[in-house]
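Here's final_20.pdb, which has PDB, C-alpha atoms:
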MODEL        1
ATOM      1  CA  MET A   8     -93.478  22.706 120.452  1.00  0.00           C
ATOM      2  CA  PRO A   9     -91.627  25.937 119.510  1.00  0.00           C
ATOM      3  CA  LYS A  10     -92.760  27.668 116.354  1.00  0.00           C
ATOM      4  CA  HIS A  11     -89.463  27.366 114.426  1.00  0.00           C
ATOM      5  CA  ALA A  12     -88.356  23.878 115.622  1.00  0.00           C
ATOM      6  CA  PRO A  13     -87.384  21.589 112.740  1.00  0.00           C
ATOM      7  CA  SER A  14     -89.638  18.724 111.989  1.00  0.00           C
ATOM      8  CA  LYS A  15     -88.586  15.078 112.203  1.00  0.00           C
ATOM      9  CA  ALA A  16     -88.638  14.794 108.430  1.00  0.00           C
ATOM     10  CA  VAL A  17     -86.146  17.604 108.062  1.00  0.00           C
ATOM     11  CA  LEU A  18     -83.898  16.101 110.695  1.00  0.00           C
ATOM     12  CA  LEU A  19     -83.952  12.689 109.018  1.00  0.00           C
ATOM     13  CA  SER A  20     -83.130  14.227 105.632  1.00  0.00           C
ATOM     14  CA  SER A  21     -80.187  16.107 107.085  1.00  0.00           C
ATOM     15  CA  ALA A  22     -78.816  12.974 108.731  1.00  0.00           C
ATOM     16  CA  ALA A  23     -79.106  11.020 105.537  1.00  0.00           C
ATOM     17  CA  PHE A  24     -77.313  13.728 103.614  1.00  0.00           C
ATOM     18  CA  LEU A  25     -74.479  13.797 106.112  1.00  0.00           C
ATOM     19  CA  PHE A  26     -74.102   9.962 105.934  1.00  0.00           C
ATOM     20  CA  MET A  27     -73.961   9.925 102.157  1.00  0.00           C
ATOM     21  CA  SER A  28     -71.438  12.750 102.114  1.00  0.00           C
ATOM     22  CA  SER A  29     -69.216  10.857 104.525  1.00  0.00           C
ATOM     23  CA  ALA A  30     -69.452   7.699 102.427  1.00  0.00           C
ATOM     24  CA  PHE A  31     -68.556   9.463  99.223  1.00  0.00           C
ATOM     25  CA  ALA A  32     -65.615  11.136 100.940  1.00  0.00           C
ATOM     26  CA  GLN A  33     -64.059   7.679 101.632  1.00  0.00           C
ATOM     27  CA  VAL A  34     -64.124   6.571  97.958  1.00  0.00           C
ATOM     28  CA  PRO A  35     -60.702   7.299  96.251  1.00  0.00           C
ATOM     29  CA  VAL A  36     -60.746   9.604  93.289  1.00  0.00           C
ATOM     30  CA  ILE A  37     -59.424   8.021  90.046  1.00  0.00           C
ATOM     31  CA  ASP A  38     -57.992  10.194  87.256  1.00  0.00           C
ATOM     32  CA  ALA A  39     -59.706   9.269  84.021  1.00  0.00           C
ATOM     33  CA  SER A  40     -56.625  10.162  81.954  1.00  0.00           C
ATOM     34  CA  ILE A  41     -54.484   7.679  83.885  1.00  0.00           C
ATOM     35  CA  SER A  42     -56.996   4.858  83.495  1.00  0.00           C
ATOM     36  CA  HIS A  43     -57.067   5.328  79.707  1.00  0.00           C
ATOM     37  CA  GLN A  44     -53.260   5.069  79.481  1.00  0.00           C
ATOM     38  CA  ALA A  45     -52.995   1.740  81.269  1.00  0.00           C
ATOM     39  CA  VAL A  46     -51.403  -0.972  79.054  1.00  0.00           C
ATOM     40  CA  PRO A  47     -53.639  -3.988  78.453  1.00  0.00           C
ATOM     41  CA  VAL A  48     -52.322  -7.343  79.697  1.00  0.00           C
ATOM     42  CA  ALA A  49     -52.609  -8.895  76.232  1.00  0.00           C
ATOM     43  CA  ALA A  50     -50.484  -6.138  74.665  1.00  0.00           C
ATOM     44  CA  THR A  51     -47.810  -6.517  77.347  1.00  0.00           C
ATOM     45  CA  SER A  52     -47.537 -10.280  76.779  1.00  0.00           C
ATOM     46  CA  ALA A  53     -47.201  -9.756  72.999  1.00  0.00           C
ATOM     47  CA  GLN A  54     -43.949  -7.785  73.297  1.00  0.00           C
ATOM     48  CA  PRO A  55     -41.675 -10.823  74.035  1.00  0.00           C
ATOM     49  CA  GLN A  56     -43.260 -12.676  71.110  1.00  0.00           C
ATOM     50  CA  MET A  57     -42.451  -9.804  68.760  1.00  0.00           C
ATOM     51  CA  GLY A  58     -38.850  -9.764  70.086  1.00  0.00           C
ATOM     52  CA  ASN A  59     -38.457 -13.511  69.498  1.00  0.00           C
ATOM     53  CA  ALA A  60     -39.728 -13.177  65.944  1.00  0.00           C
ATOM     54  CA  GLN A  61     -37.234 -10.395  65.256  1.00  0.00           C
ATOM     55  CA  SER A  62     -34.355 -12.465  66.700  1.00  0.00           C
ATOM     56  CA  GLN A  63     -35.312 -15.451  64.547  1.00  0.00           C
ATOM     57  CA  GLY A  64     -35.359 -13.233  61.484  1.00  0.00           C
ATOM     58  CA  GLU A  65     -31.854 -11.959  62.226  1.00  0.00           C
ATOM     59  CA  LEU A  66     -30.569 -15.530  62.766  1.00  0.00           C
ATOM     60  CA  PHE A  67     -32.076 -16.632  59.455  1.00  0.00           C
ATOM     61  CA  TYR A  68     -30.411 -13.718  57.678  1.00  0.00           C
ATOM     62  CA  GLN A  69     -27.040 -14.550  59.245  1.00  0.00           C
ATOM     63  CA  LEU A  70     -27.478 -18.199  58.205  1.00  0.00           C
ATOM     64  CA  GLN A  71     -28.061 -17.092  54.616  1.00  0.00           C
ATOM     65  CA  LEU A  72     -24.868 -15.019  54.732  1.00  0.00           C
ATOM     66  CA  LEU A  73     -22.880 -17.985  56.059  1.00  0.00           C
ATOM     67  CA  GLN A  74     -24.264 -20.246  53.340  1.00  0.00           C
ATOM     68  CA  GLU A  75     -23.266 -17.711  50.693  1.00  0.00           C
ATOM     69  CA  GLU A  76     -19.748 -17.482  52.148  1.00  0.00           C
ATOM     70  CA  MET A  77     -19.512 -21.289  52.118  1.00  0.00           C
ATOM     71  CA  ARG A  78     -20.460 -21.360  48.444  1.00  0.00           C
ATOM     72  CA  MET A  79     -17.815 -18.745  47.679  1.00  0.00           C
ATOM     73  CA  LEU A  80     -15.149 -20.634  49.631  1.00  0.00           C
ATOM     74  CA  ARG A  81     -16.099 -23.904  47.926  1.00  0.00           C
ATOM     75  CA  GLY A  82     -15.685 -22.226  44.563  1.00  0.00           C
ATOM     76  CA  MET A  83     -12.266 -20.884  45.559  1.00  0.00           C
ATOM     77  CA  VAL A  84     -11.147 -24.356  46.709  1.00  0.00           C
ATOM     78  CA  GLU A  85     -12.295 -25.900  43.437  1.00  0.00           C
ATOM     79  CA  GLU A  86     -10.478 -23.228  41.444  1.00  0.00           C
ATOM     80  CA  GLN A  87      -7.284 -23.796  43.433  1.00  0.00           C
ATOM     81  CA  GLY A  88      -7.639 -27.521  42.785  1.00  0.00           C
ATOM     82  CA  HIS A  89      -7.810 -26.875  39.049  1.00  0.00           C
ATOM     83  CA  GLN A  90      -4.780 -24.600  39.274  1.00  0.00           C
ATOM     84  CA  LEU A  91      -2.861 -27.299  41.163  1.00  0.00           C
ATOM     85  CA  GLU A  92      -3.653 -29.843  38.456  1.00  0.00           C
ATOM     86  CA  ARG A  93      -2.449 -27.431  35.780  1.00  0.00           C
ATOM     87  CA  PHE A  94       0.706 -26.818  37.816  1.00  0.00           C
ATOM     88  CA  LYS A  95       1.393 -30.549  38.028  1.00  0.00           C
ATOM     89  CA  GLN A  96       0.979 -30.889  34.274  1.00  0.00           C
ATOM     90  CA  GLN A  97       3.355 -28.014  33.654  1.00  0.00           C
ATOM     91  CA  SER A  98       5.988 -29.054  36.202  1.00  0.00           C
ATOM     92  CA  THR A  99       7.705 -31.527  33.891  1.00  0.00           C
ATOM     93  CA  GLU A 100       7.856 -28.964  31.075  1.00  0.00           C
ATOM     94  CA  ARG A 101       9.344 -26.402  33.466  1.00  0.00           C
ATOM     95  CA  TYR A 102      12.033 -28.835  34.574  1.00  0.00           C
ATOM     96  CA  ILE A 103      12.762 -29.515  30.933  1.00  0.00           C
ATOM     97  CA  ASP A 104      13.163 -25.839  30.160  1.00  0.00           C
ATOM     98  CA  VAL A 105      15.518 -25.297  33.113  1.00  0.00           C
ATOM     99  CA  ASP A 106      17.558 -28.336  32.187  1.00  0.00           C
ATOM    100  CA  LYS A 107      17.718 -27.172  28.582  1.00  0.00           C
ATOM    101  CA  ARG A 108      19.059 -23.778  29.578  1.00  0.00           C
ATOM    102  CA  LEU A 109      21.576 -25.316  31.951  1.00  0.00           C
ATOM    103  CA  GLY A 110      22.729 -27.769  29.313  1.00  0.00           C
ATOM    104  CA  SER A 111      23.244 -24.946  26.817  1.00  0.00           C
ATOM    105  CA  LEU A 112      25.384 -23.010  29.303  1.00  0.00           C
ATOM    106  CA  ILE A 113      27.580 -26.039  29.938  1.00  0.00           C
ATOM    107  CA  ALA A 114      27.925 -26.770  26.236  1.00  0.00           C
ATOM    108  CA  ASN A 115      28.870 -23.167  25.451  1.00  0.00           C
ATOM    109  CA  ASP A 116      31.584 -23.007  28.075  1.00  0.00           C
ATOM    110  CA  ASN A 117      34.742 -22.308  26.009  1.00  0.00           C
ATOM    111  CA  ALA A 118      33.230 -24.092  23.033  1.00  0.00           C
ATOM    112  CA  ALA A 119      31.135 -23.200  20.010  1.00  0.00           C
ATOM    113  CA  PRO A 120      27.468 -24.246  20.218  1.00  0.00           C
ATOM    114  CA  GLU A 121      26.532 -27.450  18.460  1.00  0.00           C
ATOM    115  CA  GLN A 122      23.399 -27.910  16.405  1.00  0.00           C
ATOM    116  CA  ALA A 123      20.835 -30.316  17.870  1.00  0.00           C
ATOM    117  CA  ASN A 124      19.491 -33.047  15.675  1.00  0.00           C
ATOM    118  CA  SER A 125      15.763 -32.472  16.240  1.00  0.00           C
ATOM    119  CA  THR A 126      14.727 -35.284  13.878  1.00  0.00           C
ATOM    120  CA  ALA A 127      16.636 -38.014  15.695  1.00  0.00           C
ATOM    121  CA  THR A 128      14.735 -40.911  17.269  1.00  0.00           C
ATOM    122  CA  VAL A 129      15.480 -43.697  19.703  1.00  0.00           C
ATOM    123  CA  THR A 130      16.137 -45.990  16.777  1.00  0.00           C
ATOM    124  CA  ALA A 131      18.633 -43.508  15.382  1.00  0.00           C
ATOM    125  CA  LEU A 132      20.315 -43.402  18.788  1.00  0.00           C
ATOM    126  CA  ASN A 133      20.673 -47.171  18.984  1.00  0.00           C
ATOM    127  CA  ASP A 134      21.850 -47.407  15.359  1.00  0.00           C
ATOM    128  CA  LYS A 135      23.743 -44.136  15.210  1.00  0.00           C
ATOM    129  CA  PRO A 136      26.721 -43.713  12.921  1.00  0.00           C
ATOM    130  CA  ALA A 137      30.177 -43.417  14.392  1.00  0.00           C
ATOM    131  CA  GLY A 138      30.208 -39.648  13.931  1.00  0.00           C
ATOM    132  CA  VAL A 139      27.205 -38.851  16.159  1.00  0.00           C
ATOM    133  CA  GLY A 140      28.374 -36.658  19.041  1.00  0.00           C
ATOM    134  CA  GLU A 141      27.433 -36.494  22.677  1.00  0.00           C
ATOM    135  CA  LYS A 142      25.190 -33.447  22.314  1.00  0.00           C
ATOM    136  CA  ASP A 143      23.124 -35.051  19.565  1.00  0.00           C
ATOM    137  CA  ALA A 144      22.800 -38.292  21.514  1.00  0.00           C
ATOM    138  CA  TYR A 145      21.696 -36.408  24.610  1.00  0.00           C
ATOM    139  CA  ASP A 146      19.133 -34.391  22.642  1.00  0.00           C
ATOM    140  CA  VAL A 147      17.657 -37.591  21.223  1.00  0.00           C
ATOM    141  CA  ALA A 148      17.000 -38.936  24.737  1.00  0.00           C
ATOM    142  CA  TYR A 149      15.951 -35.540  26.030  1.00  0.00           C
ATOM    143  CA  SER A 150      13.404 -34.937  23.263  1.00  0.00           C
ATOM    144  CA  LEU A 151      11.317 -37.873  24.486  1.00  0.00           C
ATOM    145  CA  VAL A 152      10.593 -36.262  27.880  1.00  0.00           C
ATOM    146  CA  PRO A 153       8.217 -33.499  26.714  1.00  0.00           C
ATOM    147  CA  LYS A 154       6.481 -36.083  24.537  1.00  0.00           C
ATOM    148  CA  ARG A 155       5.824 -38.056  27.750  1.00  0.00           C
ATOM    149  CA  GLN A 156       7.433 -41.155  26.279  1.00  0.00           C
ATOM    150  CA  TYR A 157       8.959 -41.897  29.643  1.00  0.00           C
ATOM    151  CA  ALA A 158       9.866 -45.562  29.199  1.00  0.00           C
ATOM    152  CA  GLN A 159      11.580 -44.841  25.872  1.00  0.00           C
ATOM    153  CA  ALA A 160      13.402 -41.895  27.435  1.00  0.00           C
ATOM    154  CA  ILE A 161      14.764 -44.127  30.204  1.00  0.00           C
ATOM    155  CA  THR A 162      16.134 -46.534  27.592  1.00  0.00           C
ATOM    156  CA  ALA A 163      17.635 -43.655  25.614  1.00  0.00           C
ATOM    157  CA  PHE A 164      19.375 -42.103  28.631  1.00  0.00           C
ATOM    158  CA  HIS A 165      20.850 -45.462  29.653  1.00  0.00           C
ATOM    159  CA  SER A 166      22.155 -45.907  26.110  1.00  0.00           C
ATOM    160  CA  PHE A 167      23.618 -42.416  26.254  1.00  0.00           C
ATOM    161  CA  LEU A 168      25.483 -43.185  29.502  1.00  0.00           C
ATOM    162  CA  LEU A 169      26.911 -46.370  28.005  1.00  0.00           C
ATOM    163  CA  ASP A 170      28.309 -44.387  25.062  1.00  0.00           C
ATOM    164  CA  PHE A 171      29.374 -41.257  26.971  1.00  0.00           C
ATOM    165  CA  PRO A 172      29.953 -42.253  30.631  1.00  0.00           C
ATOM    166  CA  ASP A 173      32.289 -39.307  31.247  1.00  0.00           C
ATOM    167  CA  GLY A 174      30.611 -36.773  28.965  1.00  0.00           C
ATOM    168  CA  LYS A 175      29.481 -33.253  29.844  1.00  0.00           C
ATOM    169  CA  TYR A 176      25.845 -34.318  29.844  1.00  0.00           C
ATOM    170  CA  ALA A 177      26.278 -37.464  31.943  1.00  0.00           C
ATOM    171  CA  PRO A 178      25.206 -35.677  35.198  1.00  0.00           C
ATOM    172  CA  ASN A 179      22.074 -34.392  33.447  1.00  0.00           C
ATOM    173  CA  ALA A 180      21.326 -37.904  32.205  1.00  0.00           C
ATOM    174  CA  TYR A 181      21.539 -39.298  35.746  1.00  0.00           C
ATOM    175  CA  TYR A 182      19.269 -36.541  36.984  1.00  0.00           C
ATOM    176  CA  TRP A 183      16.627 -37.180  34.340  1.00  0.00           C
ATOM    177  CA  LEU A 184      16.746 -40.897  34.964  1.00  0.00           C
ATOM    178  CA  GLY A 185      15.956 -40.161  38.610  1.00  0.00           C
ATOM    179  CA  GLU A 186      13.001 -37.990  37.565  1.00  0.00           C
ATOM    180  CA  LEU A 187      11.722 -40.438  34.959  1.00  0.00           C
ATOM    181  CA  TYR A 188      11.709 -43.397  37.330  1.00  0.00           C
ATOM    182  CA  LEU A 189       9.306 -41.392  39.498  1.00  0.00           C
ATOM    183  CA  VAL A 190       6.761 -40.705  36.748  1.00  0.00           C
ATOM    184  CA  VAL A 191       6.613 -44.101  35.022  1.00  0.00           C
ATOM    185  CA  LYS A 192       3.750 -46.398  35.974  1.00  0.00           C
ATOM    186  CA  PRO A 193       4.472 -48.008  38.339  1.00  0.00           C
ATOM    187  CA  ALA A 194       7.154 -45.771  39.815  1.00  0.00           C
ATOM    188  CA  ASP A 195      10.532 -47.370  40.532  1.00  0.00           C
ATOM    189  CA  LEU A 196      11.648 -45.630  43.727  1.00  0.00           C
ATOM    190  CA  GLU A 197      14.826 -47.666  44.157  1.00  0.00           C
ATOM    191  CA  ALA A 198      16.007 -46.994  40.591  1.00  0.00           C
ATOM    192  CA  SER A 199      15.262 -43.308  41.132  1.00  0.00           C
ATOM    193  CA  ARG A 200      17.257 -43.299  44.370  1.00  0.00           C
ATOM    194  CA  GLN A 201      20.214 -44.955  42.666  1.00  0.00           C
ATOM    195  CA  SER A 202      20.208 -42.434  39.810  1.00  0.00           C
ATOM    196  CA  PHE A 203      20.204 -39.388  42.110  1.00  0.00           C
ATOM    197  CA  THR A 204      22.822 -41.015  44.342  1.00  0.00           C
ATOM    198  CA  GLN A 205      25.138 -41.670  41.382  1.00  0.00           C
ATOM    199  CA  LEU A 206      24.871 -38.044  40.324  1.00  0.00           C
ATOM    200  CA  LEU A 207      25.799 -36.832  43.826  1.00  0.00           C
ATOM    201  CA  GLU A 208      28.661 -39.301  44.223  1.00  0.00           C
ATOM    202  CA  LEU A 209      30.193 -38.871  40.770  1.00  0.00           C
ATOM    203  CA  TYR A 210      29.606 -35.122  40.336  1.00  0.00           C
ATOM    204  CA  PRO A 211      29.514 -33.577  43.838  1.00  0.00           C
ATOM    205  CA  ARG A 212      29.847 -29.941  42.702  1.00  0.00           C
ATOM    206  CA  HIS A 213      27.644 -30.097  39.639  1.00  0.00           C
ATOM    207  CA  PRO A 214      24.913 -27.411  39.221  1.00  0.00           C
ATOM    208  CA  LYS A 215      22.331 -30.193  39.510  1.00  0.00           C
ATOM    209  CA  GLU A 216      23.577 -31.162  42.976  1.00  0.00           C
ATOM    210  CA  ALA A 217      21.015 -29.140  44.955  1.00  0.00           C
ATOM    211  CA  ASP A 218      18.091 -30.438  42.893  1.00  0.00           C
ATOM    212  CA  ALA A 219      19.344 -34.023  43.173  1.00  0.00           C
ATOM    213  CA  MET A 220      19.693 -33.705  46.949  1.00  0.00           C
ATOM    214  CA  TYR A 221      16.159 -32.381  47.262  1.00  0.00           C
ATOM    215  CA  LYS A 222      14.740 -35.105  45.026  1.00  0.00           C
ATOM    216  CA  LEU A 223      16.663 -37.753  46.946  1.00  0.00           C
ATOM    217  CA  GLY A 224      15.073 -36.474  50.158  1.00  0.00           C
ATOM    218  CA  THR A 225      11.598 -36.797  48.643  1.00  0.00           C
ATOM    219  CA  VAL A 226      12.373 -40.299  47.338  1.00  0.00           C
ATOM    220  CA  TYR A 227      13.407 -41.448  50.817  1.00  0.00           C
ATOM    221  CA  PHE A 228      10.157 -39.998  52.148  1.00  0.00           C
ATOM    222  CA  LEU A 229       8.201 -42.005  49.578  1.00  0.00           C
ATOM    223  CA  LYS A 230      10.180 -45.075  50.628  1.00  0.00           C
ATOM    224  CA  ASP A 231       8.982 -44.364  54.192  1.00  0.00           C
ATOM    225  CA  ASN A 232      12.494 -43.640  55.422  1.00  0.00           C
ATOM    226  CA  LYS A 233      11.789 -40.314  57.104  1.00  0.00           C
ATOM    227  CA  GLU A 234      15.105 -40.207  58.927  1.00  0.00           C
ATOM    228  CA  LYS A 235      17.154 -40.130  55.713  1.00  0.00           C
ATOM    229  CA  SER A 236      14.559 -37.928  54.068  1.00  0.00           C
ATOM    230  CA  ARG A 237      14.976 -35.266  56.753  1.00  0.00           C
ATOM    231  CA  LEU A 238      18.771 -35.649  56.585  1.00  0.00           C
ATOM    232  CA  TRP A 239      18.936 -34.849  52.868  1.00  0.00           C
ATOM    233  CA  LEU A 240      16.370 -32.066  53.006  1.00  0.00           C
ATOM    234  CA  GLU A 241      18.140 -30.347  55.888  1.00  0.00           C
ATOM    235  CA  LYS A 242      21.422 -30.758  54.027  1.00  0.00           C
ATOM    236  CA  VAL A 243      20.002 -28.890  51.045  1.00  0.00           C
ATOM    237  CA  VAL A 244      18.868 -26.031  53.277  1.00  0.00           C
ATOM    238  CA  ALA A 245      22.210 -25.930  55.122  1.00  0.00           C
ATOM    239  CA  GLN A 246      24.320 -25.820  51.944  1.00  0.00           C
ATOM    240  CA  TYR A 247      22.116 -23.740  49.648  1.00  0.00           C
ATOM    241  CA  GLY A 248      19.627 -21.965  51.899  1.00  0.00           C
ATOM    242  CA  LYS A 249      21.585 -18.738  52.313  1.00  0.00           C
ATOM    243  CA  GLY A 250      21.157 -17.638  48.709  1.00  0.00           C
ATOM    244  CA  VAL A 251      18.407 -17.799  46.133  1.00  0.00           C
ATOM    245  CA  ASN A 252      17.908 -21.461  45.372  1.00  0.00           C
ATOM    246  CA  SER A 253      14.638 -23.100  44.391  1.00  0.00           C
ATOM    247  CA  ALA A 254      15.728 -26.522  45.677  1.00  0.00           C
ATOM    248  CA  ALA A 255      16.437 -25.103  49.148  1.00  0.00           C
ATOM    249  CA  ASP A 256      13.087 -23.300  49.155  1.00  0.00           C
ATOM    250  CA  LYS A 257      11.268 -26.493  48.193  1.00  0.00           C
ATOM    251  CA  ALA A 258      13.185 -28.422  50.866  1.00  0.00           C
ATOM    252  CA  ARG A 259      12.059 -25.920  53.524  1.00  0.00           C
ATOM    253  CA  ASP A 260       8.458 -26.224  52.381  1.00  0.00           C
ATOM    254  CA  PHE A 261       8.664 -30.023  52.394  1.00  0.00           C
ATOM    255  CA  LEU A 262      10.115 -30.086  55.913  1.00  0.00           C
ATOM    256  CA  ARG A 263       7.457 -27.680  57.153  1.00  0.00           C
ATOM    257  CA  ASP A 264       4.544 -29.546  55.584  1.00  0.00           C
ATOM    258  CA  ARG A 265       5.588 -33.170  56.148  1.00  0.00           C
ATOM    259  CA  PHE A 266       7.593 -33.155  59.375  1.00  0.00           C
TER     260      PHE A 266
ENDMDL
END

Before anything else, please render the file you have as structure tokens.
Amino acid sequence: MPKHAPSKAVLLSSAAFLFMSSAFAQVPVIDASISHQAVPVAATSAQPQMGNAQSQGELFYQLQLLQEEMRMLRGMVEEQGHQLERFKQQSTERYIDVDKRLGSLIANDNAAPEQANSTATVTALNDKPAGVGEKDAYDVAYSLVPKRQYAQAITAFHSFLLDFPDGKYAPNAYYWLGELYLVVKPADLEASRQSFTQLLELYPRHPKEADAMYKLGTVYFLKDNKEKSRLWLEKVVAQYGKGVNSAADKARDFLRDRF
């Protein structure tokens, strides 16, 4: 054996070292920093749950806003309902005021104004002295309307027309009879129709013509005769719709809302 020949033990150690080195060379190297940044599976699965919770919170908030808007709208509807009731209560008084002004203009046409007898009653009308004039008799019947004594007013206006069938205030009496027959309980639609029709036939160019035509159209609608109702309403618009006329405006609204 040569003097410097390696021993078997040295050779076996070298071979073992080479084998272990080769084995370690095949194992992939993993960066520790990358392994620490990996997202856990549990954390990843929690993200959709957090998103769902946020979406539910937003939906709940929007629902609260809608409920608040509904409460506000309900309050507005209730307020408008109260305003409509007040308007209905005031409508008769407004008609009275317009009729009063119109009556004064007619009475003052080329004539001195007459003093109204504000203390007259229906009894005074029926038992009036021979000197009682048309204006006083009309005022007696007219004064019962704002007091809402509708049945008594109907009697008074009929008495007035018997005494002054061709008077200045006869057209106004026919008009108010038509209105009064609509507000008595129960309403007398046929009597109302006849009153408005008499006004239109006897006084075709009277200032109350447009109002009577409109009211006649509404009466026919209440009588379920929509054909004649439309005819009269369209006639109001055709004759008076070019200028400023409340009856024509109301006729347009009625046609739009009901037909």

Near A:Asp195, within 12 Å and counting all atoms listed in the file, which residues show up once chain neighbours fewer than 2 positions away are dropped, as a PyMOL selection string? chain A and resi 158+161+184-193+197-202+226+229-230

Applying 7 Å and all atoms listed in the file, which residues near stretch 209-214 of chain A remain after dropping the ones on its own chain fewer than 3 positions away? List them as a compact mmCIF listing (two decimals) with C-alpha atoms, in the coordinates of the input.
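Saved as around.txt:
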# COMPACT_ATOMS: atom_id res chain seq x y z
CA PRO A 178 25.21 -35.68 35.20
CA GLN A 205 25.14 -41.67 41.38
CA LEU A 206 24.87 -38.04 40.32

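Put simply, the PyMOL selection byres ((chain A and resi 241-250) around 9) on this file hits Ala217, Asp218, Met220, Tyr221, Gly224, Ser236, Arg237, Leu238, Trp239, Leu240, Val251, Asn252, Ala254, Ala255, Asp256, Ala258, Arg259 and Leu262 of chain A.
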
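A straight line drawn from atom CA of A:Phe203 to atom CA of A:Tyr182 is 5.9 Å long.
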
Emit as AutoDock Vina command-line options the padded axis-aligned box for all listed atoms of stretch 240-254 of chain A, 4 Å per side, with centre and edge lengths in Å to one decimal.
--center_x 19.5 --center_y -24.9 --center_z 50.1 --size_x 17.7 --size_y 22.4 --size_z 19.5

Just how far from atom CA of A:Asp173 is atom CA of A:Lys154, in Å to one decimal? 26.9 Å

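With atom CA of A:Val152 on one side and atom CA of A:Phe164 on the other, the separation reads 10.6 Å.
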
Nearest candidate to A:Lys233 (options A:Tyr176, A:Ala219, A:Arg265, A:Thr204; using all atoms listed in the file): A:Arg265
